[in-house]
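Text of the file model11.pdb, holding PDB, C-alpha atoms:
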```
MODEL        1
ATOM      1  CA  MET A 893      -8.310 -30.043 -26.152
ATOM      2  CA  ILE A 894      -4.954 -29.679 -24.420
ATOM      3  CA  LYS A 895      -6.158 -31.809 -21.515
ATOM      4  CA  ALA A 896      -7.289 -34.509 -23.928
ATOM      5  CA  ILE A 897      -3.831 -34.481 -25.521
ATOM      6  CA  ALA A 898      -2.261 -34.802 -22.054
ATOM      7  CA  LEU A 899      -4.495 -37.807 -21.278
ATOM      8  CA  GLY A 900      -3.671 -39.342 -24.661
ATOM      9  CA  ASN A 901       0.027 -38.928 -23.923
ATOM     10  CA  ASN A 902      -0.474 -40.648 -20.567
ATOM     11  CA  PHE A 903      -1.936 -43.610 -22.415
ATOM     12  CA  LEU A 904       0.906 -43.478 -24.930
ATOM     13  CA  LEU A 905       3.512 -43.462 -22.155
ATOM     14  CA  THR A 906       2.000 -46.590 -20.601
ATOM     15  CA  ALA A 907       1.832 -48.345 -23.948
ATOM     16  CA  ILE A 908       5.421 -47.450 -24.898
ATOM     17  CA  ALA A 909       6.679 -48.523 -21.454
ATOM     18  CA  SER A 910       4.884 -51.822 -21.871
ATOM     19  CA  SER A 911       6.385 -52.248 -25.355
ATOM     20  CA  PHE A 912       9.817 -51.443 -23.986
ATOM     21  CA  LEU A 913       9.420 -54.133 -21.320
ATOM     22  CA  CYS A 914       8.424 -56.583 -24.030
ATOM     23  CA  TRP A 915      11.478 -55.597 -26.009
ATOM     24  CA  LEU A 916      13.606 -56.207 -22.910
ATOM     25  CA  ALA A 917      11.952 -59.603 -22.465
ATOM     26  CA  SER A 918      12.905 -60.520 -26.013
ATOM     27  CA  LEU A 919      16.604 -59.969 -25.241
ATOM     28  CA  HIS A 920      17.119 -62.760 -22.692
ATOM     29  CA  SER A 921      15.132 -65.552 -21.058
ATOM     30  CA  SER A 922      15.867 -64.274 -17.525
ATOM     31  CA  LEU A 923      14.634 -60.831 -18.542
ATOM     32  CA  LEU A 924      11.502 -62.501 -19.869
ATOM     33  CA  LEU A 925      10.882 -63.921 -16.410
ATOM     34  CA  PHE A 926      11.547 -60.538 -14.861
ATOM     35  CA  VAL A 927       9.087 -58.803 -17.201
ATOM     36  CA  GLN A 928       6.492 -61.499 -16.649
ATOM     37  CA  ALA A 929       6.867 -60.900 -12.908
ATOM     38  CA  LEU A 930       6.477 -57.178 -13.465
ATOM     39  CA  PHE A 931       3.271 -57.663 -15.476
ATOM     40  CA  ALA A 932       1.951 -60.055 -12.820
ATOM     41  CA  LEU A 933       2.772 -57.488 -10.135
ATOM     42  CA  LYS A 934       0.983 -54.783 -12.125
ATOM     43  CA  LEU A 935      -2.054 -57.003 -12.447
ATOM     44  CA  ILE A 936      -2.101 -57.719  -8.716
ATOM     45  CA  VAL A 937      -1.649 -54.049  -7.812
ATOM     46  CA  SER A 938      -4.467 -53.029 -10.195
ATOM     47  CA  ALA A 939      -6.811 -55.669  -8.779
ATOM     48  CA  THR A 940      -5.979 -54.662  -5.212
ATOM     49  CA  ALA A 941      -6.480 -50.982  -6.012
ATOM     50  CA  TRP A 942      -9.833 -51.809  -7.594
ATOM     51  CA  LEU A 943     -10.869 -53.695  -4.469
ATOM     52  CA  LEU A 944      -9.496 -51.131  -2.007
ATOM     53  CA  ASP A 945     -10.700 -48.137  -3.970
ATOM     54  CA  ASP A 946     -12.071 -46.280  -0.937
ATOM     55  CA  ALA A 947      -8.711 -46.345   0.854
ATOM     56  CA  ILE A 948      -6.831 -45.456  -2.336
ATOM     57  CA  ILE A 949      -8.995 -42.439  -3.135
ATOM     58  CA  ALA A 950      -8.495 -41.172   0.427
ATOM     59  CA  ILE A 951      -4.707 -41.501   0.075
ATOM     60  CA  LEU A 952      -4.441 -40.076  -3.449
ATOM     61  CA  LYS A 953      -7.208 -37.473  -2.808
ATOM     62  CA  ILE A 954      -9.005 -38.174  -6.103
ATOM     63  CA  ASP A 955     -12.568 -39.254  -6.750
ATOM     64  CA  LEU A 956     -13.660 -42.808  -7.483
ATOM     65  CA  LEU A 957     -14.336 -42.182 -11.164
ATOM     66  CA  GLN A 958     -10.829 -40.826 -11.678
ATOM     67  CA  LEU A 959      -9.265 -43.847  -9.942
ATOM     68  CA  ARG A 960     -11.239 -46.296 -12.062
ATOM     69  CA  PHE A 961     -10.395 -44.363 -15.221
ATOM     70  CA  ARG A 962      -6.695 -44.474 -14.352
ATOM     71  CA  LEU A 963      -6.751 -48.184 -13.569
ATOM     72  CA  ILE A 964      -8.601 -49.055 -16.761
ATOM     73  CA  ALA A 965      -6.446 -46.734 -18.900
ATOM     74  CA  SER A 966      -3.199 -48.160 -17.498
ATOM     75  CA  THR A 967      -4.356 -51.751 -17.988
ATOM     76  CA  VAL A 968      -5.534 -51.072 -21.538
ATOM     77  CA  GLY A 969      -2.307 -49.185 -22.300
ATOM     78  CA  ALA A 970      -0.184 -52.056 -20.996
ATOM     79  CA  LEU A 971      -2.204 -54.572 -23.024
ATOM     80  CA  VAL A 972      -1.942 -52.452 -26.186
ATOM     81  CA  GLY A 973       1.853 -52.141 -25.740
ATOM     82  CA  LEU A 974       2.097 -55.886 -25.196
ATOM     83  CA  GLY A 975      -0.092 -56.556 -28.213
ATOM     84  CA  VAL A 976       2.021 -54.303 -30.432
ATOM     85  CA  MET A 977       5.194 -56.187 -29.539
ATOM     86  CA  LEU A 978       3.507 -59.601 -29.901
ATOM     87  CA  CYS A 979       2.159 -58.714 -33.362
ATOM     88  CA  ARG A 980       5.472 -57.315 -34.691
ATOM     89  CA  SER A 981       6.979 -58.816 -37.711
TER      90      SER A 981
ATOM     91  CA  MET B 875       3.263 -22.667 -31.075
ATOM     92  CA  SER B 876       2.789 -24.690 -27.936
ATOM     93  CA  LEU B 877       0.001 -26.754 -29.494
ATOM     94  CA  LEU B 878       2.119 -27.338 -32.590
ATOM     95  CA  LYS B 879       5.036 -28.535 -30.452
ATOM     96  CA  ILE B 880       2.789 -30.822 -28.401
ATOM     97  CA  SER B 881       1.232 -32.279 -31.549
ATOM     98  CA  ALA B 882       4.633 -32.820 -33.189
ATOM     99  CA  LEU B 883       5.994 -34.542 -30.091
ATOM    100  CA  THR B 884       2.915 -36.763 -29.802
ATOM    101  CA  VAL B 885       3.082 -37.783 -33.455
ATOM    102  CA  SER B 886       6.823 -38.452 -33.086
ATOM    103  CA  GLY B 887       6.170 -40.572 -30.012
ATOM    104  CA  VAL B 888       3.536 -42.668 -31.785
ATOM    105  CA  THR B 889       5.748 -43.044 -34.848
ATOM    106  CA  LEU B 890       8.797 -44.064 -32.824
ATOM    107  CA  TRP B 891       6.680 -46.550 -30.891
ATOM    108  CA  LEU B 892       4.868 -48.208 -33.796
ATOM    109  CA  ALA B 893       7.205 -47.852 -36.761
ATOM    110  CA  PRO B 894      10.245 -49.914 -35.623
ATOM    111  CA  PRO B 895       8.434 -53.175 -34.755
ATOM    112  CA  PHE B 896       6.488 -53.208 -38.017
ATOM    113  CA  VAL B 897       8.862 -51.467 -40.424
ATOM    114  CA  PHE B 898      12.338 -52.637 -39.408
ATOM    115  CA  SER B 899      13.232 -55.869 -41.098
ATOM    116  CA  ARG B 900      15.272 -58.482 -39.381
ATOM    117  CA  LYS B 901      17.793 -58.049 -42.203
ATOM    118  CA  ILE B 902      18.726 -54.618 -40.954
ATOM    119  CA  PRO B 903      21.874 -54.822 -38.822
ATOM    120  CA  LEU B 904      21.305 -54.134 -35.114
ATOM    121  CA  HIS B 905      17.565 -54.008 -35.726
ATOM    122  CA  ASN B 906      16.816 -55.136 -32.183
ATOM    123  CA  PHE B 907      19.061 -52.421 -30.753
ATOM    124  CA  MET B 908      17.469 -49.837 -33.082
ATOM    125  CA  GLN B 909      14.059 -50.910 -31.858
ATOM    126  CA  GLY B 910      15.061 -50.310 -28.244
ATOM    127  CA  VAL B 911      16.502 -46.888 -29.055
ATOM    128  CA  ALA B 912      13.328 -45.944 -30.945
ATOM    129  CA  LEU B 913      11.149 -47.060 -28.045
ATOM    130  CA  VAL B 914      13.173 -45.009 -25.562
ATOM    131  CA  SER B 915      13.009 -42.010 -27.906
ATOM    132  CA  GLY B 916       9.282 -42.471 -28.333
ATOM    133  CA  PHE B 917       8.859 -42.642 -24.576
ATOM    134  CA  ALA B 918      10.873 -39.420 -24.203
ATOM    135  CA  CYS B 919       8.796 -37.664 -26.881
ATOM    136  CA  ALA B 920       5.524 -38.752 -25.262
ATOM    137  CA  PHE B 921       6.789 -37.695 -21.843
ATOM    138  CA  GLU B 922       7.795 -34.227 -23.097
ATOM    139  CA  ALA B 923       4.497 -33.842 -24.962
ATOM    140  CA  ARG B 924       2.582 -34.738 -21.776
ATOM    141  CA  ARG B 925       4.635 -32.241 -19.740
ATOM    142  CA  CYS B 926       4.049 -29.446 -22.281
ATOM    143  CA  ALA B 927       0.339 -30.283 -22.505
ATOM    144  CA  LEU B 928      -0.075 -30.104 -18.731
ATOM    145  CA  LYS B 929       1.812 -26.802 -18.630
ATOM    146  CA  ALA B 930      -0.345 -25.375 -21.443
ATOM    147  CA  ALA B 931      -3.509 -26.601 -19.698
ATOM    148  CA  LYS B 932      -2.427 -24.864 -16.504
ATOM    149  CA  THR B 933      -1.692 -21.650 -18.431
ATOM    150  CA  GLU B 934      -5.080 -21.875 -20.170
ATOM    151  CA  GLU B 935      -6.783 -22.348 -16.812
ATOM    152  CA  PHE B 936      -4.920 -19.334 -15.409
ATOM    153  CA  GLU B 937      -5.918 -17.239 -18.434
ATOM    154  CA  ALA B 938      -9.544 -18.289 -17.999
ATOM    155  CA  ILE B 939      -9.444 -17.300 -14.323
ATOM    156  CA  LYS B 940      -7.826 -13.984 -15.263
ATOM    157  CA  ASP B 941     -10.497 -13.321 -17.923
ATOM    158  CA  ALA B 942     -13.208 -14.155 -15.404
ATOM    159  CA  ALA B 943     -11.612 -11.791 -12.880
ATOM    160  CA  VAL B 944     -11.378  -8.995 -15.490
ATOM    161  CA  ALA B 945     -15.020  -9.558 -16.475
ATOM    162  CA  ALA B 946     -16.049  -9.480 -12.819
ATOM    163  CA  ASP B 947     -14.041  -6.255 -12.347
ATOM    164  CA  VAL B 948     -15.752  -4.669 -15.353
ATOM    165  CA  VAL B 949     -19.180  -5.700 -14.079
ATOM    166  CA  ASP B 950     -18.307  -4.354 -10.634
ATOM    167  CA  GLU B 951     -17.073  -1.071 -12.116
ATOM    168  CA  ILE B 952     -20.242  -0.661 -14.189
ATOM    169  CA  ALA B 953     -22.398  -1.400 -11.151
ATOM    170  CA  THR B 954     -20.410   1.095  -9.060
ATOM    171  CA  SER B 955     -20.665   3.837 -11.688
ATOM    172  CA  ALA B 956     -24.400   3.180 -12.044
ATOM    173  CA  TYR B 957     -24.797   3.399  -8.287
ATOM    174  CA  VAL B 958     -22.735   6.612  -8.106
ATOM    175  CA  SER B 959     -24.671   8.254 -10.948
ATOM    176  CA  GLU B 960     -27.945   7.214  -9.332
ATOM    177  CA  GLN B 961     -26.853   8.731  -6.018
ATOM    178  CA  GLN B 962     -25.699  11.895  -7.786
ATOM    179  CA  ARG B 963     -29.031  12.180  -9.587
ATOM    180  CA  ARG B 964     -30.861  11.678  -6.326
ATOM    181  CA  ASN B 965     -28.749  14.358  -4.583
ATOM    182  CA  GLU B 966     -29.358  16.780  -7.434
ATOM    183  CA  ALA B 967     -33.084  16.093  -7.247
ATOM    184  CA  GLU B 968     -33.055  16.656  -3.487
ATOM    185  CA  LEU B 969     -31.140  19.916  -3.944
ATOM    186  CA  LEU B 970     -33.614  21.018  -6.591
ATOM    187  CA  ILE B 971     -36.539  20.238  -4.321
ATOM    188  CA  ALA B 972     -34.846  22.070  -1.446
ATOM    189  CA  SER B 973     -34.096  25.123  -3.621
ATOM    190  CA  SER B 974     -37.674  25.261  -4.931
ATOM    191  CA  SER B 975     -39.035  25.141  -1.373
ATOM    192  CA  ASP B 976     -36.552  27.912  -0.443
ATOM    193  CA  ARG B 977     -37.786  29.916  -3.366
ATOM    194  CA  GLU B 978     -41.347  29.441  -2.224
ATOM    195  CA  LEU B 979     -40.386  30.552   1.265
ATOM    196  CA  LEU B 980     -38.590  33.621  -0.107
ATOM    197  CA  GLU B 981     -41.497  34.522  -2.330
ATOM    198  CA  ARG B 982     -43.846  34.176   0.578
ATOM    199  CA  ALA B 983     -41.583  36.316   2.787
ATOM    200  CA  LEU B 984     -41.282  38.931   0.041
ATOM    201  CA  ALA B 985     -45.023  39.023  -0.427
ATOM    202  CA  LEU B 986     -45.538  39.450   3.300
ATOM    203  CA  SER B 987     -42.921  42.224   3.579
ATOM    204  CA  SER B 988     -44.381  44.111   0.587
ATOM    205  CA  GLU B 989     -47.852  43.957   2.133
ATOM    206  CA  GLU B 990     -46.429  45.317   5.361
ATOM    207  CA  GLU B 991     -44.593  48.078   3.478
ATOM    208  CA  ASN B 992     -47.788  49.080   1.690
ATOM    209  CA  GLU B 993     -49.650  49.179   4.963
ATOM    210  CA  ASN B 994     -46.855  51.277   6.526
ATOM    211  CA  ALA B 995     -46.832  53.640   3.565
ATOM    212  CA  ASP B 996     -50.603  54.069   3.821
ATOM    213  CA  LYS B 997     -50.310  54.731   7.542
ATOM    214  CA  LEU B 998     -47.496  57.264   6.995
ATOM    215  CA  ALA B 999     -49.500  58.999   4.321
ATOM    216  CA  GLU B1000     -52.516  59.169   6.578
ATOM    217  CA  ASN B1001     -50.381  60.515   9.400
ATOM    218  CA  ALA B1002     -48.870  63.154   7.118
ATOM    219  CA  ASP B1003     -52.314  64.197   5.908
ATOM    220  CA  SER B1004     -53.638  64.526   9.429
ATOM    221  CA  GLU B1005     -50.553  66.536  10.468
ATOM    222  CA  LEU B1006     -50.976  68.871   7.498
ATOM    223  CA  ARG B1007     -54.669  69.239   8.203
ATOM    224  CA  GLU B1008     -53.947  70.129  11.793
ATOM    225  CA  ARG B1009     -51.325  72.678  10.734
ATOM    226  CA  ILE B1010     -53.746  74.215   8.230
ATOM    227  CA  HIS B1011     -56.367  74.387  10.915
ATOM    228  CA  GLN B1012     -53.948  76.112  13.321
ATOM    229  CA  LEU B1013     -52.984  78.675  10.655
ATOM    230  CA  GLN B1014     -56.643  79.308   9.821
ATOM    231  CA  VAL B1015     -57.290  79.939  13.536
ATOM    232  CA  ARG B1016     -54.473  82.510  13.499
ATOM    233  CA  GLY B1017     -56.340  84.207  10.611
ATOM    234  CA  TYR B1018     -54.039  83.190   7.727
ATOM    235  CA  GLY B1019     -55.486  83.177   4.219
ATOM    236  CA  LYS B1020     -55.136  80.459   1.573
ATOM    237  CA  ALA B1021     -52.136  82.007  -0.176
ATOM    238  CA  LYS B1022     -50.282  82.563   3.065
ATOM    239  CA  ILE B1023     -51.022  79.025   4.344
ATOM    240  CA  ILE B1024     -49.728  77.560   1.048
ATOM    241  CA  LEU B1025     -46.599  79.738   1.351
ATOM    242  CA  GLU B1026     -46.095  78.656   5.001
ATOM    243  CA  ILE B1027     -46.577  74.892   4.480
ATOM    244  CA  TRP B1028     -45.464  74.139   0.864
ATOM    245  CA  GLY B1029     -43.110  77.131   0.468
ATOM    246  CA  VAL B1030     -44.530  78.326  -2.892
ATOM    247  CA  THR B1031     -45.753  81.824  -3.650
ATOM    248  CA  LYS B1032     -49.007  82.555  -5.349
ATOM    249  CA  GLY B1033     -48.939  82.419  -9.178
ATOM    250  CA  GLY B1034     -49.596  80.142 -12.120
ATOM    251  CA  SER B1035     -46.651  77.822 -11.482
ATOM    252  CA  PRO B1036     -47.341  74.047 -11.534
ATOM    253  CA  LYS B1037     -45.909  73.754  -8.028
ATOM    254  CA  TYR B1038     -48.354  76.296  -6.694
ATOM    255  CA  LYS B1039     -51.252  74.618  -8.549
ATOM    256  CA  ALA B1040     -50.320  71.239  -7.027
ATOM    257  CA  ALA B1041     -50.023  72.788  -3.586
ATOM    258  CA  GLU B1042     -53.356  74.532  -4.029
ATOM    259  CA  ALA B1043     -55.042  71.242  -5.074
ATOM    260  CA  GLU B1044     -53.547  69.502  -2.042
ATOM    261  CA  TYR B1045     -54.716  72.337   0.200
ATOM    262  CA  LYS B1046     -58.257  72.079  -1.234
ATOM    263  CA  ARG B1047     -58.319  68.290  -0.729
ATOM    264  CA  LEU B1048     -57.187  68.566   2.873
ATOM    265  CA  ALA B1049     -59.573  71.423   3.596
ATOM    266  CA  GLU B1050     -62.504  69.452   2.138
ATOM    267  CA  GLU B1051     -61.567  66.258   4.043
ATOM    268  CA  GLY B1052     -61.146  68.249   7.223
ATOM    269  CA  GLY B1053     -64.226  70.422   6.708
TER     270      GLY B1053
ENDMDL
END
```
Spell out the structure here as C-alpha cells.
Amino acid sequence: MIKAIALGNNFLLTAIASSFLCWLASLHSSLLLFVQALFALKLIVSATAWLLDDAIIAILKIDLLQLRFRLIASTVGALVGLGVMLCRS
Amino acid sequence: MSLLKISALTVSGVTLWLAPPFVFSRKIPLHNFMQGVALVSGFACAFEARRCALKAAKTEEFEAIKDAAVAADVVDEIATSAYVSEQQRRNEAELLIASSSDRELLERALALSSEEENENADKLAENADSELRERIHQLQVRGYGKAKIILEIWGVTKGGSPKYKAAEAEYKRLAEEGG
C-alpha cells in the first residue's frame, strides 16, 4: 500500500514537473523553445535508454522490468502533465 | 498518522496541480503567477509525500524483518526446549533402567549371601551338635550319669524347671543320634 503510494507520487512528480515546464513555456517564446528542447532531449534519452537497456541496467543495478516500467511511467507522466496544461481553460 | 500525512500530502499535490489550470479564470489578477506558485507547491507536496512513503515503507520492511526474526527466535526456543526435555526424559529413563538393574544385582547378591548364611548356620549347628555329643560321650566314659552330664554341660540342676526339661530333651536327642 505504502509502496504503491510512493510509486503514485513518483508519477505525480513527473506530471507536475512537466506541467511546470509547460507553464514556463507559456511565459515567453524563448522559454517555449527551451522547453521544447527539453522535451525533445527527454524523448531522445528515453529512446536511447530503451535501446541500450542492457548497459543501463548494469549501471543502475536494476532489472529490465524495472527499467522499462520507469521509462514508460516517466513518459506517460510527462505526456499527462503536458496534456493537462494544453487542455487548461 | 504517517499514512494520513502521506495521503493528505498526495491529495494536496494533486489538487494544487490540477485545480489552478482548470479553476482559475483569466479574470483573476496574477492568475498566471498563481498557477506557477500552485504548481511549485504541488510539486513540493508530492515530493514530501513520496519521501514519507518511502520512509514508511522502509520502516514497514524493518518491522516485518523484526517480526520474522522474533518468530524464528520463538520457534528456535520451542525446538530447544523440546530437545532439552527429550534429553532429560531420556536421561531419567536411563537412570531408571540403571537403578532397576542395580536393584536386581543387589537382590541377587542378598539372596546369595542369605543362602550362604543359612548354610553356615547349618554347618555351625552340626559342629556344635557333634562337639556336644563328643563331650557327652567323654563324660559317659568317665562314668557320669544323666543328671551330672546335664549339670556339667548345660549348667542346670535336676528338677522340674523348663530349662532342665529343655536340656534333658537336648541330651536325649544327642544321645539317640549318637547311639
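The space separating CA of Leu957 (chain A) from CA of Trp942 (chain A) comes to 11.2 Å.
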Exercise for the section: For the structure shown, which residues end up in the PyMOL selection byres ((chain B) within 12 of (chain A))? Put them as a ChimeraX atom specification, please? Expected result: /B:876-901,905-935
Problem - Pick from B:Asp947, B:Glu960, B:Asp996, B:Glu1008, whichever lies nearest to Glu1051 (chain B) using only C-alpha atoms - result: B:Glu1008
Completion exercise
note - CA of Leu930 (chain A) and CA of Thr967 (chain A) are separated by 12.9 Å
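From CA of Phe961 (chain A) back to CA of Ala938 (chain B), the distance works out to 26.2 Å.
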Using the file's own x, y and z axes, so that the box edges lie along x, y and z, what centre and edge lengths in Å (one decimal) does a box around every listed atom of region 963-978 of chain A get when 3 Å is added on each side? Give it as JSON.
```
{"center_x": -1.7, "center_y": -53.2, "center_z": -22.0, "size_x": 19.8, "size_y": 18.9, "size_z": 22.9}
```
Exercise for the section: Excluding Lys1037 (chain B) and residues on its chain fewer than 5 positions from it, collect all residues at most 9 Å away from it, counting all atoms listed in the file, and give them as a ChimeraX atom specification. Expected result: /B:1028,1030,1042
Exercise for the section: Determine the nearest neighbour of Ala1021 (chain B) from the options B:Ala942, B:Leu970, B:Tyr1038, B:Glu978, counting all atoms listed in the file. Expected result: B:Tyr1038
Using the block above, I'd like region 931-954 of chain B written out, keeping C-alpha atoms and formatting it as a short mmCIF file (atom, residue, chain, number, x, y, z; two decimals), in the first residue's frame.
```
data_model
loop_
_atom_site.label_atom_id
_atom_site.label_comp_id
_atom_site.auth_asym_id
_atom_site.auth_seq_id
_atom_site.Cartn_x
_atom_site.Cartn_y
_atom_site.Cartn_z
CA ALA B 931 7.87 1.51 3.50
CA LYS B 932 11.39 1.08 4.86
CA THR B 933 10.07 1.09 8.45
CA GLU B 934 7.39 -1.46 7.50
CA GLU B 935 10.03 -3.66 5.90
CA PHE B 936 12.19 -3.39 9.03
CA GLU B 937 9.21 -4.28 11.23
CA ALA B 938 8.45 -7.29 9.04
CA ILE B 939 12.06 -8.46 9.30
CA LYS B 940 11.95 -7.94 13.07
CA ASP B 941 8.69 -9.92 13.35
CA ALA B 942 10.20 -12.70 11.25
CA ALA B 943 13.29 -12.72 13.48
CA VAL B 944 11.13 -12.85 16.65
CA ALA B 945 9.06 -15.69 15.17
CA ALA B 946 12.24 -17.55 14.23
CA ASP B 947 13.58 -17.00 17.78
CA VAL B 948 10.36 -18.35 19.28
CA VAL B 949 10.46 -21.40 17.01
CA ASP B 950 14.11 -21.94 17.89
CA GLU B 951 13.37 -21.62 21.61
CA ILE B 952 10.49 -24.11 21.39
CA ALA B 953 12.67 -26.55 19.46
CA THR B 954 15.48 -26.15 22.01
#
```
